file final15.txt (compact mmCIF, C-alpha atoms (C1' of nucleotides))
# COMPACT_ATOMS: atom_id res chain seq x y z
CA MET O 16 0.00 0.00 0.00
CA LYS O 17 2.67 2.41 1.07
CA GLU O 18 4.89 1.44 -1.85
CA ILE O 19 2.01 1.77 -4.27
CA TYR O 20 1.37 5.27 -3.03
CA ILE O 21 5.01 6.22 -3.45
CA GLU O 22 5.12 4.82 -6.96
CA THR O 23 1.85 6.45 -7.92
CA ALA O 24 2.99 9.82 -6.63
CA LYS O 25 6.29 9.52 -8.48
CA GLU O 26 4.56 8.65 -11.70
CA GLY O 27 2.06 11.43 -11.15
CA LEU O 28 4.79 14.01 -10.75
CA GLN O 29 6.64 12.86 -13.84
CA ARG O 30 3.55 12.59 -15.97
CA GLN O 31 2.79 16.23 -15.21
CA GLY O 32 6.32 17.28 -16.05
CA TYR O 33 7.69 17.72 -12.55
CA LYS O 34 11.14 16.45 -11.67
CA LEU O 35 11.73 13.67 -9.21
CA THR O 36 14.10 15.46 -6.87
CA GLY O 37 15.60 14.28 -3.62
CA PRO O 38 13.57 16.59 -1.39
CA ARG O 39 10.34 15.66 -3.12
CA LEU O 40 11.00 11.95 -2.75
CA ALA O 41 11.93 12.37 0.90
CA ILE O 42 8.68 14.19 1.60
CA ILE O 43 6.58 11.66 -0.27
CA ARG O 44 8.23 8.74 1.53
CA TYR O 45 7.77 10.34 4.90
CA LEU O 46 4.11 11.12 4.27
CA ALA O 47 3.43 7.61 2.99
CA GLY O 48 4.48 6.26 6.36
CA GLU O 49 2.82 8.87 8.52
CA LYS O 50 -0.43 7.74 10.16
CA GLY O 51 -1.26 11.02 11.85
CA HIS O 52 -2.11 14.50 10.66
CA PRO O 53 1.10 16.52 10.69
CA ASP O 54 1.29 20.23 10.02
CA ILE O 55 3.96 21.91 7.94
CA ARG O 56 6.34 22.33 10.83
CA GLN O 57 6.12 18.68 11.83
CA ILE O 58 6.75 17.59 8.26
CA PHE O 59 9.72 19.94 8.05
CA THR O 60 11.22 18.72 11.32
CA ARG O 61 10.80 15.07 10.50
CA ILE O 62 12.25 15.36 7.01
CA ARG O 63 15.20 17.37 8.18
CA SER O 64 16.26 14.64 10.58
CA GLU O 65 16.99 12.34 7.65
CA HIS O 66 17.58 14.96 5.02
CA PRO O 67 19.51 17.78 6.70
CA GLY O 68 19.75 20.94 4.74
CA ILE O 69 16.25 20.88 3.35
CA GLY O 70 14.65 24.30 3.43
CA ILE O 71 11.25 25.11 4.85
CA ALA O 72 10.30 26.77 1.58
CA THR O 73 10.73 23.49 -0.23
CA VAL O 74 8.38 21.80 2.21
CA TYR O 75 5.76 24.46 1.58
CA ARG O 76 6.22 24.16 -2.16
CA THR O 77 6.10 20.38 -2.22
CA VAL O 78 3.09 20.12 0.04
CA ASP O 79 1.24 22.60 -2.14
CA LEU O 80 2.18 20.60 -5.20
CA LEU O 81 1.03 17.31 -3.69
CA LEU O 82 -2.23 18.94 -2.65
CA GLU O 83 -2.76 20.23 -6.15
CA LEU O 84 -2.08 16.84 -7.70
CA GLY O 85 -4.43 15.18 -5.24
CA PHE O 86 -1.87 13.14 -3.31
CA LEU O 87 -2.57 15.02 -0.11
CA ARG O 88 -5.63 16.34 1.65
CA ALA O 89 -5.73 19.32 4.01
CA ILE O 90 -7.84 19.39 7.13
CA THR O 91 -8.50 22.08 9.69
CA ILE O 92 -8.21 20.88 13.25
CA LYS O 93 -7.16 23.94 15.16
CA LYS O 94 -7.96 27.34 13.78
CA ASN O 95 -5.20 28.81 11.66
CA GLN O 96 -3.37 25.55 11.43
CA LEU O 97 -3.72 23.27 8.43
CA ARG O 98 -2.78 19.65 8.80
CA TYR O 99 -2.18 17.15 6.04
CA GLU O 100 -2.87 13.52 5.40
CA VAL O 101 -2.23 11.14 2.55
CA ASN O 102 -5.09 10.89 0.10
CA TRP O 103 -5.06 7.13 -0.33
CA PRO O 104 -6.81 6.15 -3.53
CA GLY O 105 -10.31 4.91 -2.86
CA ASP O 106 -10.19 6.00 0.75
CA HIS O 107 -12.94 8.29 1.95
CA HIS O 108 -13.16 9.26 5.56
CA HIS O 109 -13.78 12.21 7.83
CA HIS O 110 -12.69 13.34 11.28
CA LEU O 111 -13.93 13.62 14.79
CA VAL O 112 -11.88 16.25 16.60
CA CYS O 113 -11.93 16.22 20.39
CA LYS O 114 -12.20 19.71 21.89
CA GLY O 115 -10.72 18.40 25.09
CA CYS O 116 -7.47 16.74 24.14
CA GLY O 117 -7.21 17.51 20.44
CA ARG O 118 -7.23 13.85 19.48
CA VAL O 119 -8.42 13.07 15.96
CA ILE O 120 -10.51 10.00 15.23
CA GLU O 121 -11.26 8.99 11.67
CA PHE O 122 -14.63 7.65 10.65
CA GLY O 123 -15.59 6.22 7.32
CA SER O 124 -19.34 6.44 7.20
CA CYS O 125 -20.58 9.34 5.20
CA ASN O 126 -23.98 9.64 3.60
CA PHE O 127 -23.32 12.85 1.73
CA GLN O 128 -23.78 11.27 -1.68
CA LEU O 129 -27.43 10.70 -0.76
CA ILE O 130 -28.08 14.41 -1.01
CA SER O 131 -25.27 15.73 -3.18
CA LYS O 132 -27.15 15.04 -6.42
CA GLU O 133 -30.11 16.99 -5.15
CA ILE O 134 -27.89 19.88 -4.10
CA GLU O 135 -26.21 19.89 -7.51
CA LYS O 136 -29.56 20.03 -9.24
CA VAL O 137 -30.90 22.87 -7.13
CA THR O 138 -27.74 24.97 -7.12
CA ARG O 139 -26.45 24.05 -10.60
CA PHE O 140 -23.09 23.48 -8.92
CA ARG O 141 -20.78 20.59 -9.74
CA ILE O 142 -19.51 19.12 -6.49
CA GLU O 143 -16.07 17.56 -6.78
CA GLU O 144 -15.16 16.89 -3.19
CA HIS O 145 -16.27 17.62 0.32
CA ILE O 146 -14.90 17.85 3.81
CA LEU O 147 -16.84 16.89 6.89
CA GLU O 148 -15.46 17.46 10.35
CA ALA O 149 -17.27 16.86 13.60
CA TYR O 150 -16.25 18.40 16.91
CA GLY O 151 -17.05 17.28 20.41
CA LEU O 152 -15.60 15.27 23.27
CA CYS O 153 -13.96 11.89 23.07
CA HIS O 154 -14.77 9.27 25.66
CA ASP O 155 -11.78 10.13 27.81
CA CYS O 156 -12.71 13.80 27.95
CA LEU O 157 -16.40 13.43 28.72
CA PRO O 158 -17.49 15.08 32.00
CA GLY O 159 -16.78 12.81 34.90
CA LYS O 160 -13.42 11.90 33.54
CA GLN O 161 -11.13 14.88 34.00
CA HIS O 162 -8.39 14.09 31.56
CA TYR O 163 -8.34 17.34 29.65
CA SER O 164 -5.07 18.03 27.96
CA THR O 165 -3.55 21.47 28.21
CA GLU O 166 -3.46 21.78 24.45
CA LYS O 167 -5.95 24.47 23.57
CA MET O 168 -8.17 24.12 20.48
CA MET T 16 -33.99 38.95 13.30
CA LYS T 17 -30.99 41.21 13.21
CA GLU T 18 -32.15 43.05 16.31
CA ILE T 19 -32.83 39.81 18.12
CA TYR T 20 -29.31 38.66 17.40
CA ILE T 21 -27.83 41.88 18.69
CA GLU T 22 -29.88 41.72 21.85
CA THR T 23 -29.09 38.05 22.40
CA ALA T 24 -25.39 38.64 21.95
CA LYS T 25 -25.47 41.59 24.34
CA GLU T 26 -27.27 39.56 26.96
CA GLY T 27 -24.92 36.65 26.40
CA LEU T 28 -21.88 38.80 26.99
CA GLN T 29 -23.29 40.34 30.15
CA ARG T 30 -24.53 37.07 31.54
CA GLN T 31 -21.02 35.67 31.26
CA GLY T 32 -19.54 38.70 32.97
CA TYR T 33 -18.17 40.50 29.93
CA LYS T 34 -18.56 44.22 29.57
CA LEU T 35 -20.67 45.82 26.87
CA THR T 36 -18.08 48.09 25.38
CA GLY T 37 -18.27 50.35 22.36
CA PRO T 38 -15.95 48.26 20.19
CA ARG T 39 -17.77 45.04 21.03
CA LEU T 40 -21.13 46.54 20.20
CA ALA T 41 -19.82 47.96 16.94
CA ILE T 42 -18.50 44.56 15.91
CA ILE T 43 -21.70 42.77 16.86
CA ARG T 44 -23.83 45.28 14.98
CA TYR T 45 -21.69 45.06 11.89
CA LEU T 46 -21.71 41.26 11.88
CA ALA T 47 -25.46 41.14 12.39
CA GLY T 48 -25.89 43.01 9.13
CA GLU T 49 -23.23 41.20 7.15
CA LYS T 50 -24.56 38.62 4.72
CA GLY T 51 -21.20 37.40 3.45
CA HIS T 52 -18.26 35.64 5.00
CA PRO T 53 -15.74 38.30 5.99
CA ASP T 54 -12.27 37.57 7.29
CA ILE T 55 -10.60 39.45 10.13
CA ARG T 56 -9.20 42.14 7.89
CA GLN T 57 -12.53 42.86 6.28
CA ILE T 58 -14.20 43.10 9.66
CA PHE T 59 -11.45 45.44 10.88
CA THR T 60 -11.70 47.68 7.83
CA ARG T 61 -15.46 47.92 7.92
CA ILE T 62 -15.62 48.64 11.62
CA ARG T 63 -12.93 51.27 11.45
CA SER T 64 -14.86 53.27 8.90
CA GLU T 65 -17.56 53.98 11.48
CA HIS T 66 -15.48 53.55 14.57
CA PRO T 67 -12.09 55.08 13.81
CA GLY T 68 -9.39 54.33 16.29
CA ILE T 69 -10.36 50.75 16.90
CA GLY T 70 -7.34 48.48 17.09
CA ILE T 71 -6.87 45.26 15.15
CA ALA T 72 -6.11 43.45 18.40
CA THR T 73 -9.57 44.27 19.67
CA VAL T 74 -11.10 42.78 16.56
CA TYR T 75 -9.14 39.56 17.08
CA ARG T 76 -10.12 39.46 20.72
CA THR T 77 -13.78 40.13 20.11
CA VAL T 78 -14.11 37.66 17.27
CA ASP T 79 -12.49 34.98 19.42
CA LEU T 80 -14.88 35.80 22.21
CA LEU T 81 -17.93 35.65 19.99
CA LEU T 82 -16.72 32.33 18.59
CA GLU T 83 -16.30 30.97 22.08
CA LEU T 84 -19.75 32.07 23.13
CA GLY T 85 -21.26 30.58 19.99
CA PHE T 86 -22.37 33.80 18.31
CA LEU T 87 -20.03 33.28 15.39
CA ARG T 88 -18.96 30.34 13.28
CA ALA T 89 -15.64 30.00 11.48
CA ILE T 90 -15.31 28.47 8.05
CA THR T 91 -12.34 27.69 5.86
CA ILE T 92 -12.74 28.82 2.28
CA LYS T 93 -9.20 29.47 1.17
CA LYS T 94 -6.39 27.72 2.90
CA ASN T 95 -4.89 29.70 5.74
CA GLN T 96 -7.73 32.13 5.80
CA LEU T 97 -10.58 31.82 8.26
CA ARG T 98 -13.81 33.56 7.52
CA TYR T 99 -16.66 34.22 9.88
CA GLU T 100 -20.42 34.23 9.77
CA VAL T 101 -23.19 34.88 12.24
CA ASN T 102 -24.41 31.77 13.99
CA TRP T 103 -28.12 32.55 13.78
CA PRO T 104 -30.03 30.54 16.35
CA GLY T 105 -31.74 27.55 14.78
CA ASP T 106 -29.94 28.04 11.50
CA HIS T 107 -28.00 25.11 10.14
CA HIS T 108 -26.35 25.28 6.77
CA HIS T 109 -23.17 24.42 4.94
CA HIS T 110 -21.18 25.82 2.02
CA LEU T 111 -20.43 25.13 -1.58
CA VAL T 112 -17.16 26.82 -2.48
CA CYS T 113 -16.42 27.39 -6.15
CA LYS T 114 -12.82 26.62 -7.06
CA GLY T 115 -13.15 28.86 -10.08
CA CYS T 116 -14.36 32.19 -8.76
CA GLY T 117 -14.32 31.65 -5.02
CA ARG T 118 -18.02 32.27 -4.71
CA VAL T 119 -19.70 30.74 -1.67
CA ILE T 120 -23.20 29.28 -1.89
CA GLU T 121 -25.02 28.19 1.22
CA PHE T 122 -27.14 25.08 1.29
CA GLY T 123 -29.38 23.91 4.09
CA SER T 124 -29.88 20.25 3.45
CA CYS T 125 -27.72 18.07 5.61
CA ASN T 126 -28.40 14.49 6.53
CA PHE T 127 -25.59 14.10 8.99
CA GLN T 128 -27.88 13.44 11.93
CA LEU T 129 -28.92 10.22 10.20
CA ILE T 130 -25.53 8.74 10.93
CA SER T 131 -24.19 10.77 13.82
CA LYS T 132 -25.85 8.59 16.45
CA GLU T 133 -24.27 5.52 14.94
CA ILE T 134 -20.87 7.20 14.85
CA GLU T 135 -21.25 8.25 18.48
CA LYS T 136 -22.08 4.70 19.50
CA VAL T 137 -19.16 3.14 17.67
CA THR T 138 -16.57 5.72 18.65
CA ARG T 139 -17.90 6.62 22.12
CA PHE T 140 -17.49 10.23 21.06
CA ARG T 141 -20.01 12.94 21.87
CA ILE T 142 -20.54 15.02 18.75
CA GLU T 143 -21.46 18.62 19.47
CA GLU T 144 -21.19 20.23 16.09
CA HIS T 145 -19.99 19.59 12.59
CA ILE T 146 -18.80 21.43 9.55
CA LEU T 147 -19.44 20.29 6.00
CA GLU T 148 -17.93 22.06 3.06
CA ALA T 149 -18.19 21.00 -0.56
CA TYR T 150 -15.85 22.19 -3.31
CA GLY T 151 -16.36 22.24 -7.02
CA LEU T 152 -17.44 24.54 -9.81
CA CYS T 153 -20.42 26.82 -9.84
CA HIS T 154 -22.57 27.07 -12.94
CA ASP T 155 -20.74 30.10 -14.28
CA CYS T 156 -17.36 28.40 -14.00
CA LEU T 157 -18.25 25.06 -15.56
CA PRO T 158 -16.22 24.18 -18.67
CA GLY T 159 -17.68 25.83 -21.71
CA LYS T 160 -18.23 29.04 -19.85
CA GLN T 161 -14.83 30.65 -19.37
CA HIS T 162 -15.60 33.09 -16.62
CA TYR T 163 -12.86 32.13 -14.20
CA SER T 164 -12.02 34.86 -11.80
CA THR T 165 -8.40 35.75 -11.20
CA GLU T 166 -8.82 35.18 -7.49
CA LYS T 167 -6.85 32.06 -6.70
CA MET T 168 -8.19 29.49 -4.30
C1' DG U 29 29.32 9.66 -19.86
C1' DA U 30 29.44 14.70 -20.87
C1' DT U 31 26.53 18.81 -21.94
C1' DG U 32 22.74 22.15 -21.85
C1' DC U 33 18.80 23.82 -19.97
C1' DA U 34 14.65 24.48 -17.57
C1' DG U 35 12.99 23.40 -13.31
C1' DT U 36 14.16 23.16 -8.44
C1' DT U 37 16.40 24.20 -4.23
C1' DG U 38 18.07 26.57 0.02
C1' DA U 39 18.98 30.84 2.19
C1' DT U 40 17.10 34.72 3.38
C1' DA U 41 14.56 38.86 2.84
C1' DA U 42 10.00 40.55 2.80
C1' DA U 43 5.39 40.52 3.79
C1' DG U 44 1.47 39.21 6.54
C1' DA U 45 -0.90 37.37 10.32
C1' DT U 46 -1.39 36.65 15.14
C1' DT U 47 -0.24 37.22 19.91
C1' DA U 48 1.85 39.54 23.99
C1' DT U 49 2.64 43.59 26.68
C1' DC U 50 1.35 47.55 29.12
C1' DA U 51 -0.12 52.25 30.17
C1' DT U 52 -4.53 54.33 29.65
C1' DT U 53 -9.41 54.25 29.37
C1' DT U 54 -14.05 52.61 30.39
C1' DA U 55 -18.19 49.89 32.02
C1' DT U 56 -20.11 48.54 36.02
C1' DT U 57 -21.01 48.17 40.84
C1' DA U 58 -21.57 50.10 45.12
C1' DT C 18 -19.33 59.93 42.06
C1' DA C 19 -15.63 56.91 43.25
C1' DA C 20 -13.42 52.44 43.12
C1' DT C 21 -12.27 48.53 40.58
C1' DA C 22 -11.37 45.15 37.39
C1' DA C 23 -11.83 44.51 32.70
C1' DA C 24 -11.03 46.14 28.15
C1' DT C 25 -8.74 48.94 24.76
C1' DG C 26 -5.28 50.75 21.45
C1' DA C 27 -0.60 51.11 20.24
C1' DT C 28 3.03 48.65 19.27
C1' DA C 29 6.54 45.29 20.00
C1' DA C 30 7.39 40.55 19.42
C1' DT C 31 6.58 36.29 17.40
C1' DC C 32 5.14 33.17 13.86
C1' DT C 33 3.75 31.91 9.41
C1' DT C 34 3.91 32.17 4.61
C1' DT C 35 5.57 34.04 0.32
C1' DA C 36 8.98 36.20 -2.82
C1' DT C 37 13.55 36.56 -4.61
C1' DC C 38 17.61 34.89 -6.60
C1' DA C 39 22.11 32.69 -7.18
C1' DA C 40 23.51 27.97 -7.16
C1' DC C 41 22.31 23.32 -8.13
C1' DT C 42 20.24 19.16 -10.32
C1' DG C 43 17.23 15.94 -12.92
C1' DC C 44 16.67 14.72 -17.36
C1' DA C 45 16.76 14.83 -22.30
C1' DT C 46 20.08 14.91 -26.01
C1' DC C 47 23.97 13.91 -27.95
call {"tool": "encode", "arguments": {"input": "final15.txt", "output": "structure tokens"}}
result
Amino acid sequence: MKEIYIETAKEGLQRQGYKLTGPRLAIIRYLAGEKGHPDIRQIFTRIRSEHPGIGIATVYRTVDLLLELGFLRAITIKKNQLRYEVNWPGDHHHHLVCKGCGRVIEFGSCNFQLISKEIEKVTRFRIEEHILEAYGLCHDCLPGKQHYSTEKM
Amino acid sequence: MKEIYIETAKEGLQRQGYKLTGPRLAIIRYLAGEKGHPDIRQIFTRIRSEHPGIGIATVYRTVDLLLELGFLRAITIKKNQLRYEVNWPGDHHHHLVCKGCGRVIEFGSCNFQLISKEIEKVTRFRIEEHILEAYGLCHDCLPGKQHYSTEKM
DNA sequence: GATGCAGTTGATAAAGATTATCATTTATTA
DNA sequence: TAATAAATGATAATCTTTATCAACTGCATC
């Protein structure tokens, strides 16, 4: 799975005329193995540990490129802080974000397609993708259990 | 409707021990009459035209406060740019964002409650709110009509 | 394998956005 | 009206993101 993603991304870049450079490959490989939802800074820090000398600007540029080509998805967990995740082919999921501890839980069920056709008809809009994020409290942070993290939403 | 919102927000602030200051009232009144989805800078500029001397820091502080008290909602239209809208009581809608011109269309239909109970049961998460945003092309920007705006997403 | 070139990179400056600080002002209560 | 804590505006400080540009590199061609 991970290897397929890496190969697909490499082919995608080349097919669109982008070069397969060291920094780009390092970023793709790192992301393919990342299960969480890192932000730019985390990506930068992790890459630099194995690829010293990489510049933050390159991380910004590459992430933007991967977003554009559809190999990454951006989600908003905390305000003013985008986080990224691999856009595995065929995968479709959304996020539960805990307001207490900041934990992110993925869930796959989504019934949006039941109404998207109707919305398209009424609004004459062509929907290409959607993002659904739910906010609340995870089991550990529900009242009664006082396990709130200090991380502020 | 607009007046009710203003009064409700005023009461809300006072009930929670916050003072009803000139800048706060000006921001609340402006937002109550705003139909779009302004960002911080737009709010600041508009307020300053009728309330010269207001500081940008106060706008940040007040918007954060109104968000916290539930009188505002934040949405992500362009990456790294939050926009705000009044959280009218009882209103529940989502957004279609056109990748061509940036236009935002609101739609009310949302069938998320059909599955949210199931998600809560499986994940033991208590869902308090959710955000759904769909991206695509509005009728004017569909291929064939070349009316793309220069504003980049 | 060497060469040429456009695309890419890293460093860093510049621009923008957000937050922190603090003296002054103001809403509210008594 | 006076006392008080909260709020404000100015601005410094901090972060984040983008722009610039000389140096470098992947890749196509020979």
call {"tool": "interface_residues", "arguments": {"input": "final15.txt", "of": "chain C", "to": "chain O", "cutoff": "12 Å", "atoms": "all atoms listed in the file", "output": "count of residues only"}}
result
9
call {"tool": "interface_residues", "arguments": {"input": "final15.txt", "of": "chain O", "to": "chain T", "cutoff": "8 Å", "atoms": "all atoms listed in the file", "output": "PDB file with C-alpha atoms, keeping the file's coordinate frame"}}
result
ATOM      1  CA  THR O  91      -8.500  22.080   9.690  1.00  0.00           C
ATOM      2  CA  LYS O  94      -7.960  27.340  13.780  1.00  0.00           C
ATOM      3  CA  ASN O  95      -5.200  28.810  11.660  1.00  0.00           C
ATOM      4  CA  GLN O  96      -3.370  25.550  11.430  1.00  0.00           C
ATOM      5  CA  LEU O  97      -3.720  23.270   8.430  1.00  0.00           C
ATOM      6  CA  LEU O 111     -13.930  13.620  14.790  1.00  0.00           C
ATOM      7  CA  PHE O 122     -14.630   7.650  10.650  1.00  0.00           C
ATOM      8  CA  SER O 124     -19.340   6.440   7.200  1.00  0.00           C
ATOM      9  CA  CYS O 125     -20.580   9.340   5.200  1.00  0.00           C
ATOM     10  CA  ASN O 126     -23.980   9.640   3.600  1.00  0.00           C
ATOM     11  CA  PHE O 127     -23.320  12.850   1.730  1.00  0.00           C
ATOM     12  CA  ILE O 130     -28.080  14.410  -1.010  1.00  0.00           C
ATOM     13  CA  ILE O 134     -27.890  19.880  -4.100  1.00  0.00           C
ATOM     14  CA  ARG O 139     -26.450  24.050 -10.600  1.00  0.00           C
ATOM     15  CA  PHE O 140     -23.090  23.480  -8.920  1.00  0.00           C
ATOM     16  CA  ARG O 141     -20.780  20.590  -9.740  1.00  0.00           C
ATOM     17  CA  ILE O 142     -19.510  19.120  -6.490  1.00  0.00           C
ATOM     18  CA  GLU O 143     -16.070  17.560  -6.780  1.00  0.00           C
ATOM     19  CA  GLU O 144     -15.160  16.890  -3.190  1.00  0.00           C
ATOM     20  CA  HIS O 145     -16.270  17.620   0.320  1.00  0.00           C
ATOM     21  CA  ILE O 146     -14.900  17.850   3.810  1.00  0.00           C
ATOM     22  CA  LEU O 147     -16.840  16.890   6.890  1.00  0.00           C
ATOM     23  CA  GLU O 148     -15.460  17.460  10.350  1.00  0.00           C
ATOM     24  CA  ALA O 149     -17.270  16.860  13.600  1.00  0.00           C
ATOM     25  CA  TYR O 150     -16.250  18.400  16.910  1.00  0.00           C
ATOM     26  CA  GLY O 151     -17.050  17.280  20.410  1.00  0.00           C
ATOM     27  CA  LEU O 152     -15.600  15.270  23.270  1.00  0.00           C
ATOM     28  CA  CYS O 153     -13.960  11.890  23.070  1.00  0.00           C
ATOM     29  CA  HIS O 154     -14.770   9.270  25.660  1.00  0.00           C
ATOM     30  CA  LEU O 157     -16.400  13.430  28.720  1.00  0.00           C
TER      31      LEU O 157
END
call {"tool": "interface_residues", "arguments": {"input": "final15.txt", "of": "chain U", "to": "chain O", "cutoff": "9 Å", "atoms": "all atoms listed in the file", "output": "MDAnalysis selection string"}}
result
chainID U and resid 35:39
call {"tool": "write_last_selection", "arguments": {"input": "final15.txt", "atoms": "C-alpha atoms (C1' of nucleotides)", "output": "PDB file, keeping the file's coordinate frame"}}
result
ATOM      1  C1'  DG U  35      12.990  23.400 -13.310  1.00  0.00           C
ATOM      2  C1'  DT U  36      14.160  23.160  -8.440  1.00  0.00           C
ATOM      3  C1'  DT U  37      16.400  24.200  -4.230  1.00  0.00           C
ATOM      4  C1'  DG U  38      18.070  26.570   0.020  1.00  0.00           C
ATOM      5  C1'  DA U  39      18.980  30.840   2.190  1.00  0.00           C
TER       6       DA U  39
END
call {"tool": "residues_near_point", "arguments": {"input": "final15.txt", "point": "(27.0, 11.7, -21.0)", "cutoff": "12 Å", "atoms": "only C-alpha atoms (C1' of nucleotides)", "output": "MDAnalysis selection string"}}
result
(chainID U and resid 29:32) or (chainID C and resid 44:47)
call {"tool": "residues_around", "arguments": {"input": "final15.txt", "residues": "range 103-105 of chain O", "least_positions_apart": "3", "cutoff": "12 Å", "atoms": "all atoms listed in the file", "output": "list in words"}}
result
Met16, Lys17, Glu18, Ile19, Tyr20, Ile21, Thr23, Ala24, Leu46, Ala47, Gly48, Glu49, Lys50, Gly85, Phe86, Leu87, Arg88, Glu100, His108 and Gly123 of chain O
call {"tool": "axis_aligned_box", "arguments": {"input": "final15.txt", "around": "range 24-39 of chain C", "padding_each_side": "4 Å", "output": "lines of an AutoDock Vina configuration file"}}
result
center_x = 5.5
center_y = 41.5
center_z = 10.5
size_x = 41.1
size_y = 27.2
size_z = 43.3
call {"tool": "residues_around", "arguments": {"input": "final15.txt", "residues": "Leu84 in chain O", "least_positions_apart": "3", "cutoff": "12 Å", "atoms": "all atoms listed in the file", "output": "list of chain:residue names"}}
result
O:Thr23, O:Ala24, O:Lys25, O:Glu26, O:Gly27, O:Leu28, O:Gln29, O:Arg30, O:Gln31, O:Gly32, O:Tyr33, O:Thr77, O:Val78, O:Asp79, O:Leu80, O:Leu81, O:Leu87, O:Arg88, O:Val101, O:Asn102
call {"tool": "residues_near_point", "arguments": {"input": "final15.txt", "point": "(1.6, 45.1, 18.8)", "cutoff": "10 Å", "atoms": "all atoms listed in the file", "output": "PDB file with C-alpha atoms (C1' of nucleotides), keeping the file's coordinate frame"}}
result
ATOM      1  CA  GLY T  70      -7.340  48.480  17.090  1.00  0.00           C
ATOM      2  CA  ILE T  71      -6.870  45.260  15.150  1.00  0.00           C
ATOM      3  CA  ALA T  72      -6.110  43.450  18.400  1.00  0.00           C
TER       4      ALA T  72
ATOM      5  C1'  DT U  46      -1.390  36.650  15.140  1.00  0.00           C
ATOM      6  C1'  DT U  47      -0.240  37.220  19.910  1.00  0.00           C
ATOM      7  C1'  DA U  48       1.850  39.540  23.990  1.00  0.00           C
ATOM      8  C1'  DT U  49       2.640  43.590  26.680  1.00  0.00           C
TER       9       DT U  49
ATOM     10  C1'  DG C  26      -5.280  50.750  21.450  1.00  0.00           C
ATOM     11  C1'  DA C  27      -0.600  51.110  20.240  1.00  0.00           C
ATOM     12  C1'  DT C  28       3.030  48.650  19.270  1.00  0.00           C
ATOM     13  C1'  DA C  29       6.540  45.290  20.000  1.00  0.00           C
ATOM     14  C1'  DA C  30       7.390  40.550  19.420  1.00  0.00           C
TER      15       DA C  30
END
call {"tool": "atom_distance", "arguments": {"input": "final15.txt", "atom1": "CA of Arg98 in chain T", "atom2": "CA of Arg98 in chain O"}}
result
17.8 Å
call {"tool": "decode", "arguments": {"input": "final15.txt", "residues": "range 40-60 of chain O", "atoms": "C-alpha atoms", "output": "mmCIF file, in the first residue's frame"}}
result
data_model
loop_
_atom_site.group_PDB
_atom_site.id
_atom_site.type_symbol
_atom_site.label_atom_id
_atom_site.label_comp_id
_atom_site.auth_asym_id
_atom_site.auth_seq_id
_atom_site.Cartn_x
_atom_site.Cartn_y
_atom_site.Cartn_z
ATOM 1 C CA LEU O 40 10.996 11.949 -2.749
ATOM 2 C CA ALA O 41 11.927 12.370 0.899
ATOM 3 C CA ILE O 42 8.681 14.190 1.596
ATOM 4 C CA ILE O 43 6.579 11.656 -0.271
ATOM 5 C CA ARG O 44 8.234 8.742 1.527
ATOM 6 C CA TYR O 45 7.768 10.341 4.901
ATOM 7 C CA LEU O 46 4.115 11.115 4.271
ATOM 8 C CA ALA O 47 3.426 7.613 2.989
ATOM 9 C CA GLY O 48 4.480 6.255 6.358
ATOM 10 C CA GLU O 49 2.817 8.874 8.517
ATOM 11 C CA LYS O 50 -0.426 7.735 10.162
ATOM 12 C CA GLY O 51 -1.258 11.024 11.851
ATOM 13 C CA HIS O 52 -2.115 14.498 10.664
ATOM 14 C CA PRO O 53 1.098 16.520 10.686
ATOM 15 C CA ASP O 54 1.286 20.233 10.025
ATOM 16 C CA ILE O 55 3.963 21.912 7.936
ATOM 17 C CA ARG O 56 6.340 22.326 10.834
ATOM 18 C CA GLN O 57 6.118 18.683 11.829
ATOM 19 C CA ILE O 58 6.751 17.594 8.263
ATOM 20 C CA PHE O 59 9.718 19.939 8.047
ATOM 21 C CA THR O 60 11.218 18.720 11.322
#
